[in-house]
file start_31.cif (mmCIF, C-alpha atoms)
data_upload
loop_
_atom_site.label_atom_id
_atom_site.label_comp_id
_atom_site.auth_asym_id
_atom_site.auth_seq_id
_atom_site.Cartn_x
_atom_site.Cartn_y
_atom_site.Cartn_z
CA MET A 129 106.59 121.98 87.78
CA PRO A 130 109.23 119.17 87.65
CA LEU A 131 108.64 116.42 85.06
CA LYS A 132 108.20 113.80 87.80
CA ASN A 133 105.46 115.84 89.46
CA ILE A 134 103.72 116.38 86.12
CA LYS A 135 103.61 112.60 85.56
CA ILE A 136 102.21 112.02 89.05
CA PHE A 137 99.59 114.74 88.50
CA LYS A 138 98.51 113.24 85.17
CA SER A 139 98.36 109.77 86.68
CA ASN A 140 96.20 110.96 89.56
CA LEU A 141 93.97 112.92 87.19
CA VAL A 142 93.35 109.82 85.06
CA TYR A 143 92.64 107.78 88.18
CA ILE A 144 90.13 110.34 89.49
CA THR A 145 88.46 110.74 86.08
CA ASN A 146 88.08 106.99 85.67
CA GLY A 147 86.63 106.79 89.17
CA ILE A 148 83.99 109.43 88.46
CA ILE A 149 82.99 107.85 85.13
CA THR A 150 82.79 104.44 86.79
CA ILE A 151 80.44 105.74 89.51
CA LEU A 152 78.20 107.30 86.83
CA HIS A 153 77.89 103.87 85.18
CA ILE A 154 76.62 102.10 88.30
CA PRO A 155 72.94 102.99 87.59
CA LEU A 156 73.35 101.50 84.11
CA LEU A 157 74.06 98.13 85.72
CA LEU A 158 70.47 98.18 86.97
CA VAL A 159 69.27 98.63 83.39
CA VAL A 160 71.39 95.65 82.32
CA TYR A 161 69.80 93.61 85.12
CA ILE A 162 66.21 94.67 84.24
CA ILE A 163 66.48 93.69 80.57
CA LYS A 164 68.27 90.41 81.36
CA PRO A 165 65.13 88.25 80.76
CA LEU A 166 64.92 89.66 77.22
CA ILE A 167 68.58 89.81 76.34
CA LYS A 168 71.66 89.06 78.37
CA ILE A 169 74.43 91.66 78.21
CA ARG A 170 77.81 90.73 79.67
CA PHE A 171 81.04 92.67 80.01
CA GLY A 172 84.58 91.36 80.06
CA TYR A 173 88.12 91.94 78.86
CA PHE A 174 91.16 90.37 77.24
CA THR A 175 94.73 90.77 78.46
CA THR A 176 96.89 91.75 75.50
CA GLU A 177 100.53 91.99 76.56
CA ARG A 178 101.34 88.32 75.76
CA ILE A 179 100.38 87.19 72.26
CA GLY A 180 99.87 83.57 73.32
CA HIS A 181 97.20 84.33 75.91
CA PHE A 182 95.75 87.17 73.83
CA ALA A 183 95.34 84.93 70.78
CA LEU A 184 93.90 81.87 72.51
CA ASP A 185 91.48 83.89 74.64
CA VAL A 186 90.21 85.89 71.66
CA GLY A 187 90.11 82.79 69.46
CA TYR A 188 88.07 80.96 72.06
CA ALA A 189 85.59 83.86 72.23
CA ILE A 190 85.35 84.16 68.43
CA HIS A 191 84.61 80.49 67.92
CA LYS A 192 82.06 80.55 70.76
CA LYS A 193 80.13 83.73 69.84
CA LYS A 194 77.02 82.19 68.24
CA ASN A 195 74.50 82.72 71.09
CA LYS A 196 71.85 85.11 69.66
CA ASN A 197 70.27 85.86 73.04
CA GLU A 198 73.50 87.14 74.51
CA ILE A 199 75.62 90.21 73.83
CA ASN A 200 79.23 90.07 75.00
CA LEU A 201 81.12 93.35 75.22
CA TYR A 202 84.87 93.52 75.86
CA TYR A 203 87.75 95.92 76.30
CA LEU A 204 91.47 95.33 75.83
CA GLN A 205 93.63 95.46 78.94
CA GLY A 206 97.36 96.20 78.84
CA ASN A 207 99.91 97.01 76.13
CA VAL A 208 98.89 95.35 72.88
CA SER A 209 101.46 92.75 71.80
CA ASN A 210 100.31 92.65 68.19
CA LYS A 211 98.33 95.50 66.62
CA GLN A 212 97.07 93.45 63.68
CA PHE A 213 95.63 90.82 65.99
CA ALA A 214 93.88 93.57 67.94
CA ILE A 215 92.35 94.75 64.64
CA ILE A 216 91.09 91.24 63.92
CA ALA A 217 89.71 90.93 67.46
CA LYS A 218 87.77 94.19 67.09
CA ARG A 219 86.46 93.08 63.72
CA GLU A 220 85.19 89.76 65.05
CA LEU A 221 83.95 90.77 68.52
CA ASN A 222 82.29 93.74 70.23
CA ILE A 223 85.37 95.47 71.64
CA SER A 224 85.66 99.06 72.86
CA GLN A 225 87.69 100.68 75.62
CA TYR A 226 84.45 102.33 76.74
CA TYR A 227 83.20 99.00 78.13
CA LYS A 228 85.89 99.03 80.81
CA TYR A 229 83.73 101.40 82.86
CA PHE A 230 81.05 98.73 83.22
CA VAL A 231 83.68 96.23 84.35
CA TYR A 232 85.02 98.77 86.85
CA ALA A 233 81.44 99.45 88.06
CA TYR A 234 80.81 95.74 88.67
CA ILE A 235 84.05 95.47 90.62
CA LEU A 236 83.30 98.64 92.62
CA CYS A 237 79.93 97.19 93.59
CA GLY A 238 81.47 93.88 94.65
CA LEU A 239 79.87 92.08 91.69
CA ASP A 240 83.10 90.71 90.24
CA ARG A 241 81.38 87.39 89.48
CA ASN A 242 79.42 89.12 86.69
CA VAL A 243 82.58 90.04 84.79
CA MET A 244 83.68 87.72 81.97
CA LEU A 245 87.25 86.76 82.73
CA PRO A 246 89.61 85.82 79.91
CA GLN A 247 90.41 82.11 79.69
CA ARG A 248 93.89 83.02 80.88
CA HIS A 249 92.49 83.58 84.36
CA ILE A 250 90.24 80.53 84.25
CA ASN A 251 92.42 77.73 82.93
CA GLY A 252 95.58 79.26 81.48
CA SER A 253 94.02 79.93 78.04
CA ARG A 254 93.19 76.31 77.30
CA ASP A 255 90.33 75.06 75.12
CA ASN A 256 89.31 72.16 77.34
CA GLU A 257 85.73 72.30 76.03
CA GLY A 258 86.82 71.79 72.45
CA ILE A 259 85.18 75.06 71.33
CA MET A 260 87.79 75.65 68.63
CA TYR A 261 87.98 71.97 67.73
CA TYR A 262 84.24 71.70 67.00
CA SER A 263 83.85 75.15 65.41
CA LYS A 264 83.67 75.45 61.62
CA TYR A 265 84.12 79.22 61.69
CA ASP A 266 86.95 80.66 59.60
CA ILE A 267 88.68 83.85 60.76
CA LEU A 268 89.49 85.74 57.58
CA PHE A 269 91.79 88.53 56.46
CA LEU A 270 90.57 91.44 54.36
CA ASP A 271 91.61 91.57 50.69
CA ASN A 272 93.96 94.51 51.24
CA GLU A 273 95.61 92.73 54.18
CA ASN A 274 96.18 89.63 52.03
CA LYS A 275 97.68 91.79 49.28
CA ILE A 276 100.15 93.45 51.67
CA ALA A 277 101.39 90.12 53.05
CA GLU A 278 101.48 88.42 49.66
CA SER A 279 103.45 91.37 48.27
CA TYR A 280 106.05 90.86 51.01
CA MET A 281 106.41 87.17 50.12
CA LYS A 282 106.52 87.84 46.39
CA LYS A 283 109.51 90.16 46.70
CA TYR A 284 111.51 87.02 47.66
CA GLY A 285 110.21 85.12 44.62
CA TRP A 286 107.32 83.26 46.25
CA THR A 287 104.22 82.79 44.12
CA LYS A 288 100.70 82.46 45.45
CA GLY A 289 99.74 78.86 46.06
CA LYS A 290 103.25 77.64 46.83
CA LYS A 291 103.40 75.89 50.21
CA PHE A 292 105.54 77.44 52.91
CA VAL A 293 106.42 76.21 56.39
CA CYS A 294 106.94 78.59 59.31
CA LEU A 295 109.78 77.96 61.75
CA ASN A 296 109.77 79.80 65.07
CA VAL A 297 112.54 78.98 67.53
CA ARG A 298 112.54 80.74 70.87
CA ASP A 299 115.98 81.81 72.10
CA SER A 300 117.30 84.16 74.78
CA GLY A 301 116.43 87.14 72.59
CA PHE A 302 112.75 86.49 73.25
CA PHE A 303 112.88 88.28 76.60
CA ASN A 304 116.50 89.51 76.41
CA GLU A 305 117.15 86.74 78.89
CA LYS A 306 120.34 85.75 80.59
CA GLU A 307 121.52 82.16 80.27
CA LEU A 308 120.17 81.22 83.70
CA SER A 309 116.91 83.17 83.61
CA ARG A 310 113.76 81.56 84.96
CA HIS A 311 112.48 80.67 81.48
CA SER A 312 115.77 79.72 79.85
CA TYR A 313 114.73 76.03 79.90
CA ARG A 314 112.33 76.93 77.05
CA ASN A 315 115.04 78.26 74.74
CA SER A 316 116.57 76.46 71.76
CA ASP A 317 119.30 77.09 69.18
CA ILE A 318 118.15 77.93 65.65
CA ASP A 319 121.25 76.17 64.26
CA ASP A 320 119.83 72.83 65.47
CA TYR A 321 117.01 73.23 62.94
CA GLU A 322 119.26 73.60 59.91
CA ALA A 323 119.06 69.94 58.80
CA ALA A 324 115.26 69.94 59.13
CA ALA A 325 114.93 73.19 57.17
CA ASN A 326 117.19 71.86 54.40
CA TYR A 327 115.04 68.72 54.22
CA LEU A 328 111.93 70.86 53.66
CA LEU A 329 113.72 72.99 51.08
CA ASP A 330 114.85 69.87 49.23
CA LEU A 331 111.20 68.78 49.06
CA GLY A 332 110.33 72.05 47.35
CA TYR A 333 108.70 73.87 50.26
CA TRP A 334 109.43 77.46 51.15
CA VAL A 335 110.68 77.96 54.73
CA VAL A 336 109.98 81.18 56.63
CA ARG A 337 111.91 81.63 59.87
CA THR A 338 109.68 83.83 62.05
CA GLY A 339 110.14 85.62 65.36
CA LYS A 340 109.76 89.13 66.68
CA LYS A 341 112.96 89.05 68.73
CA VAL A 342 115.74 86.63 67.79
CA ASN A 343 119.39 86.39 68.73
CA LYS A 344 120.95 85.68 65.36
CA PRO A 345 120.17 85.09 61.69
CA PHE A 346 119.60 81.61 60.26
CA LYS A 347 122.71 80.27 58.49
CA ILE A 348 120.85 78.80 55.52
CA LYS A 349 121.14 80.65 52.24
CA HIS A 350 118.57 79.37 49.77
CA ASN A 351 116.28 81.00 47.21
CA ARG A 352 113.22 79.58 49.03
CA MET A 353 114.44 80.47 52.52
CA ILE A 354 113.14 83.71 54.09
CA ASP A 355 114.77 84.78 57.36
CA TYR A 356 111.80 86.93 58.30
CA GLY A 357 112.81 87.05 61.98
CA VAL A 358 115.72 89.40 61.24
CA ASP A 359 114.03 91.32 58.42
CA PRO A 360 113.53 95.02 59.23
CA ASP A 361 110.42 94.89 57.02
CA ARG A 362 108.60 92.43 59.28
CA SER A 363 105.27 93.69 60.61
CA ASP A 364 102.46 92.72 62.94
CA LEU A 365 100.18 92.09 59.96
CA ILE A 366 102.61 89.69 58.28
CA ASP A 367 103.26 87.93 61.61
CA ILE A 368 99.59 86.96 61.86
CA TRP A 369 99.10 86.28 58.13
CA LEU A 370 101.95 83.76 58.13
CA CYS A 371 100.34 81.86 61.01
CA LYS A 372 97.11 81.40 59.08
CA ASN A 373 98.49 80.66 55.63
CA CYS A 374 101.44 78.36 56.32
CA TYR A 375 101.30 74.66 55.33
CA PHE A 376 102.33 73.88 58.90
CA PHE A 377 103.97 75.76 61.74
CA ILE A 378 107.06 74.49 63.56
CA SER A 379 107.50 76.09 66.96
CA THR A 380 109.14 75.61 70.32
CA GLY A 381 106.23 77.04 72.31
CA THR A 382 106.64 80.81 72.09
CA GLY A 383 103.13 82.26 72.03
CA ILE A 384 102.90 83.02 68.31
CA ASP A 385 102.08 79.33 67.75
CA SER A 386 98.85 80.04 69.65
CA VAL A 387 97.88 82.36 66.79
CA ALA A 388 98.42 79.46 64.38
CA ALA A 389 96.27 77.29 66.67
CA ILE A 390 93.22 79.57 66.54
CA PHE A 391 93.43 79.53 62.73
CA LYS A 392 93.55 75.72 63.02
CA SER A 393 96.91 75.52 61.28
CA GLN A 394 98.86 72.31 61.69
CA LEU A 395 101.41 72.58 64.51
CA LEU A 396 104.67 70.74 65.05
CA LEU A 397 105.72 71.68 68.58
CA LEU A 398 109.33 70.72 69.29
CA ASN A 399 111.52 71.11 72.38
CA THR A 400 108.48 72.07 74.47
CA LEU A 401 108.13 71.82 78.23
CA PRO A 402 106.32 71.07 80.42
CA LEU A 403 104.76 68.21 78.49
CA ILE A 404 101.51 68.23 80.49
CA VAL A 405 100.39 71.43 78.72
CA LEU A 406 100.59 70.13 75.12
CA PHE A 407 97.79 71.35 72.79
CA SER A 408 95.51 68.29 72.89
CA TRP A 409 92.69 70.13 71.06
CA ASN A 410 94.74 71.08 67.99
CA ASN A 411 95.93 69.21 64.89
CA GLY A 412 99.61 68.42 65.00
CA ILE A 413 102.50 66.64 66.67
CA THR A 414 104.28 67.37 69.96
CA VAL A 415 107.83 66.33 70.87
CA PRO A 416 109.34 67.56 74.18
CA LYS A 417 112.87 68.25 75.25
CA ARG A 418 114.60 65.28 76.84
CA MET A 419 115.18 65.30 80.58
CA PHE A 420 117.77 63.38 82.59
CA TRP A 421 118.33 62.89 86.29
CA ASP A 422 121.77 63.90 87.56
CA SER A 423 122.50 60.15 87.69
CA GLY A 424 122.26 60.06 83.89
CA LYS A 425 118.97 58.13 83.75
CA GLU A 426 116.39 59.61 81.39
CA LEU A 427 112.99 60.56 82.79
CA SER A 428 110.02 58.46 81.69
CA LEU A 429 106.72 59.98 80.54
CA THR A 430 105.25 59.65 84.03
CA GLU A 431 108.32 61.31 85.54
CA HIS A 432 108.01 64.09 82.95
CA LEU A 433 104.44 64.68 84.07
CA ASN A 434 105.33 64.50 87.76
CA ASN A 435 107.97 67.19 87.22
CA SER A 436 106.00 69.82 85.33
CA TYR A 437 107.67 73.08 86.28
CA GLY A 438 107.59 76.63 84.97
CA GLN A 439 111.03 77.85 86.01
CA SER A 440 114.56 76.73 85.19
CA SER A 441 115.57 76.78 88.86
CA GLN A 442 112.87 74.22 89.72
CA TYR A 443 114.34 71.64 87.34
CA LYS A 444 117.80 72.29 88.77
CA GLU A 445 116.54 71.93 92.34
CA LYS A 446 115.04 68.53 91.48
CA GLY A 447 118.32 67.34 89.96
CA ILE A 448 116.98 67.36 86.40
CA LYS A 449 119.02 68.31 83.34
CA VAL A 450 116.96 69.65 80.43
CA ILE A 451 118.47 68.68 77.06
CA ASN A 452 117.48 69.99 73.63
CA LEU A 453 116.52 67.57 70.86
CA SER A 454 119.42 66.84 68.54
CA PRO A 455 119.39 68.08 64.93
CA SER A 456 118.71 64.50 63.76
CA GLU A 457 115.77 64.13 66.19
CA ILE A 458 114.33 67.42 64.97
CA LYS A 459 114.67 66.32 61.34
CA LEU A 460 112.97 62.99 62.09
CA SER A 461 110.04 64.84 63.68
CA VAL A 462 109.71 67.11 60.64
CA GLN A 463 109.80 64.08 58.34
CA GLU A 464 107.05 62.54 60.45
CA MET A 465 104.94 65.68 60.15
CA VAL A 466 105.33 65.69 56.37
CA SER A 467 104.30 62.03 56.21
CA VAL A 468 101.17 62.69 58.26
CA LEU A 469 100.16 65.63 56.07
CA ASP A 470 100.86 63.53 52.97
CA GLY A 471 98.26 61.07 54.26
CA MET A 472 100.64 58.24 55.14
CA PRO A 473 98.76 55.94 57.58
CA LEU A 474 100.38 54.89 60.84
CA THR A 475 101.46 51.28 61.09
CA ARG A 476 99.81 49.02 63.67
CA GLN A 477 102.90 49.29 65.87
CA LYS A 478 102.87 53.08 65.68
CA ILE A 479 99.16 53.18 66.53
CA LYS A 480 99.85 50.88 69.48
CA ILE A 481 102.56 53.07 71.03
CA GLN A 482 100.53 56.22 70.30
CA LYS A 483 97.61 54.74 72.26
CA LYS A 484 99.95 53.78 75.09
CA PHE A 485 101.22 57.36 75.33
CA TRP A 486 97.71 58.83 75.55
CA ASN A 487 96.59 56.18 78.03
CA ILE A 488 99.41 57.12 80.42
CA LEU A 489 98.78 60.84 79.95
CA GLU A 490 94.99 60.59 80.38
CA HIS A 491 95.30 58.61 83.60
CA HIS A 492 97.75 61.03 85.21
CA GLU A 493 96.39 63.01 88.14
CA LEU A 494 97.15 66.36 86.42
CA TYR A 495 95.42 65.53 83.14
CA ASP A 496 91.98 66.94 83.99
CA ASN A 497 93.58 70.23 85.06
CA TYR A 498 94.77 70.91 81.52
CA HIS A 499 92.71 68.81 79.13
CA GLY A 500 89.16 67.97 78.16
CA VAL A 501 88.00 67.36 74.60
CA ARG A 502 90.88 65.79 72.67
CA ASN A 503 91.41 66.16 68.95
CA PRO A 504 92.09 62.64 67.54
CA ASN A 505 94.62 64.26 65.19
CA SER A 506 96.66 65.56 68.11
CA LEU A 507 99.65 63.20 68.10
CA PHE A 508 102.81 62.63 70.07
CA GLY A 509 106.03 62.16 68.12
CA VAL A 510 106.25 58.50 67.13
CA SER A 511 109.90 58.80 66.09
CA PHE A 512 110.67 60.07 69.61
CA LEU A 513 108.84 57.10 71.16
CA GLU A 514 110.52 54.57 68.86
CA ASN A 515 113.97 55.94 69.69
CA ASN A 516 113.24 56.12 73.42
CA PRO A 517 111.65 52.73 74.26
CA ASN A 518 111.88 53.29 78.02
CA PHE A 519 109.87 56.53 77.83
CA LEU A 520 106.54 54.71 78.15
CA VAL A 521 107.65 52.23 80.81
#
call {"tool": "encode", "arguments": {"input": "start_31.cif", "output": "structure tokens"}}
result
Amino acid sequence: MPLKNIKIFKSNLVYITNGIITILHIPLLLVVYIIKPLIKIRFGYFTTERIGHFALDVGYAIHKKKNKNEINLYYLQGNVSNKQFAIIAKRELNISQYYKYFVYAYILCGLDRNVMLPQRHINGSRDNEGIMYYSKYDILFLDNENKIAESYMKKYGWTKGKKFVCLNVRDSGFFNEKELSRHSYRNSDIDDYEAAANYLLDLGYWVVRTGKKVNKPFKIKHNRMIDYGVDPDRSDLIDIWLCKNCYFFISTGTGIDSVAAIFKSQLLLLNTLPLIVLFSWNNGITVPKRMFWDSGKELSLTEHLNNSYGQSSQYKEKGIKVINLSPSEIKLSVQEMVSVLDGMPLTRQKIKIQKKFWNILEHHELYDNYHGVRNPNSLFGVSFLENNPNFLV
């Protein structure tokens, strides 16, 4: 039998087998319904192919799982983007591929409404209820997992207790993208972060450049600089460990920063777009890319919000040029983050413009689509606002 026919046969066999098992589980749905007054059993799933959605959806479920009169059972759907995170998910929640047959049975019976959808399909994986913000629960690593990750760091000279900052800069290597791909507006150049990284190194921090797929190595050569993104020894376990244990996480909005968010790590999100989707429930600072009309006039905050697009071609069609933050702007934002974490209070003027930013954002017609409970420690870059006085006009 030709290889193609063998694959088709196996595919059909799996489909038929799943169908038969699903039908056999339909009577069990009646049992679930009968015992509902005593204990509520629900079935759902998480999509796993994108680490950002996977992390936020699982994190949301973990921080929400305290209802004793309810049992939530999940399966993982799709190719797993990070095996270590899947291990953590299974450790924290009731997850088994067996539960997919109950989900299939609900769908087959037209009872889709009884299936727990991941937050990705409800609101784009956003914590509008503030579940993670209010939760005091700490997602932990096992001792052996900590030892493996710490051993990796120690081979570069790091010692336990020394603060390190993660730097994740999305470039075209993220999806092997072409220059004009639909998501190219989200890319940045790692070289633009050199001045900021050197500033952190001069302060005595370690800097770990992360990333699963990157275009090129970081130019900096320093005994406290780890270019983990190009290290053949990188692993899924270390990826996740770094997100939890860093002093703060600098990112351009790549998905892995969502892992840092569920561990409640401090985030400095730079060169992010669209601005409307900033993480208002998480500690940290957000600074977007700058946008200019073809006429040369820079877009205001309201114009930013009115032009919240998800594809490069949409910005081009609207006559908008998307410009990366300059190295000096990036460094200023990092300096601001360090000051905040050092406990430096904002001046009255800085508090005033911060309030003005949030007032404009909260009164925009799109705000309620993406936001709910707001963390008071979620800030917008003051240095950006001070250097762009017309942004809040």
call {"tool": "axis_aligned_box", "arguments": {"input": "start_31.cif", "around": "range 412-430 of chain A", "padding_each_side": "4 Å", "output": "JSON"}}
result
{"center_x": 111.1, "center_y": 63.3, "center_z": 76.3, "size_x": 30.9, "size_y": 18.3, "size_z": 30.7}
call {"tool": "closest_residue", "arguments": {"input": "start_31.cif", "among": "A:Thr430, A:Asn200, A:Ser300, A:Asn518", "to": "Asn343 in chain A", "atoms": "all atoms listed in the file"}}
result
A:Ser300
call {"tool": "atom_distance", "arguments": {"input": "start_31.cif", "atom1": "CA of Lys372 in chain A", "atom2": "CA of Phe391 in chain A"}}
result
5.5 Å
call {"tool": "closest_residue", "arguments": {"input": "start_31.cif", "among": "A:Glu514, A:Asp422, A:Glu198, A:Asp359", "to": "Ile481 in chain A", "atoms": "only C-alpha atoms"}}
result
A:Glu514
call {"tool": "closest_atom_pairs", "arguments": {"input": "start_31.cif", "of": "range 395-420 of chain A", "to": "range 374-384 of chain A", "cutoff": "7 Å", "atoms": "all atoms listed in the file", "output": "CSV"}}
result
residue,atom,partner,partner_atom,distance
A:Leu395,CA,A:Phe377,CA,4.9
A:Leu396,CA,A:Ile378,CA,4.7
A:Leu397,CA,A:Ser379,CA,5.0
A:Leu398,CA,A:Thr380,CA,5.0
A:Asn399,CA,A:Thr380,CA,5.5
A:Thr400,CA,A:Thr380,CA,5.5
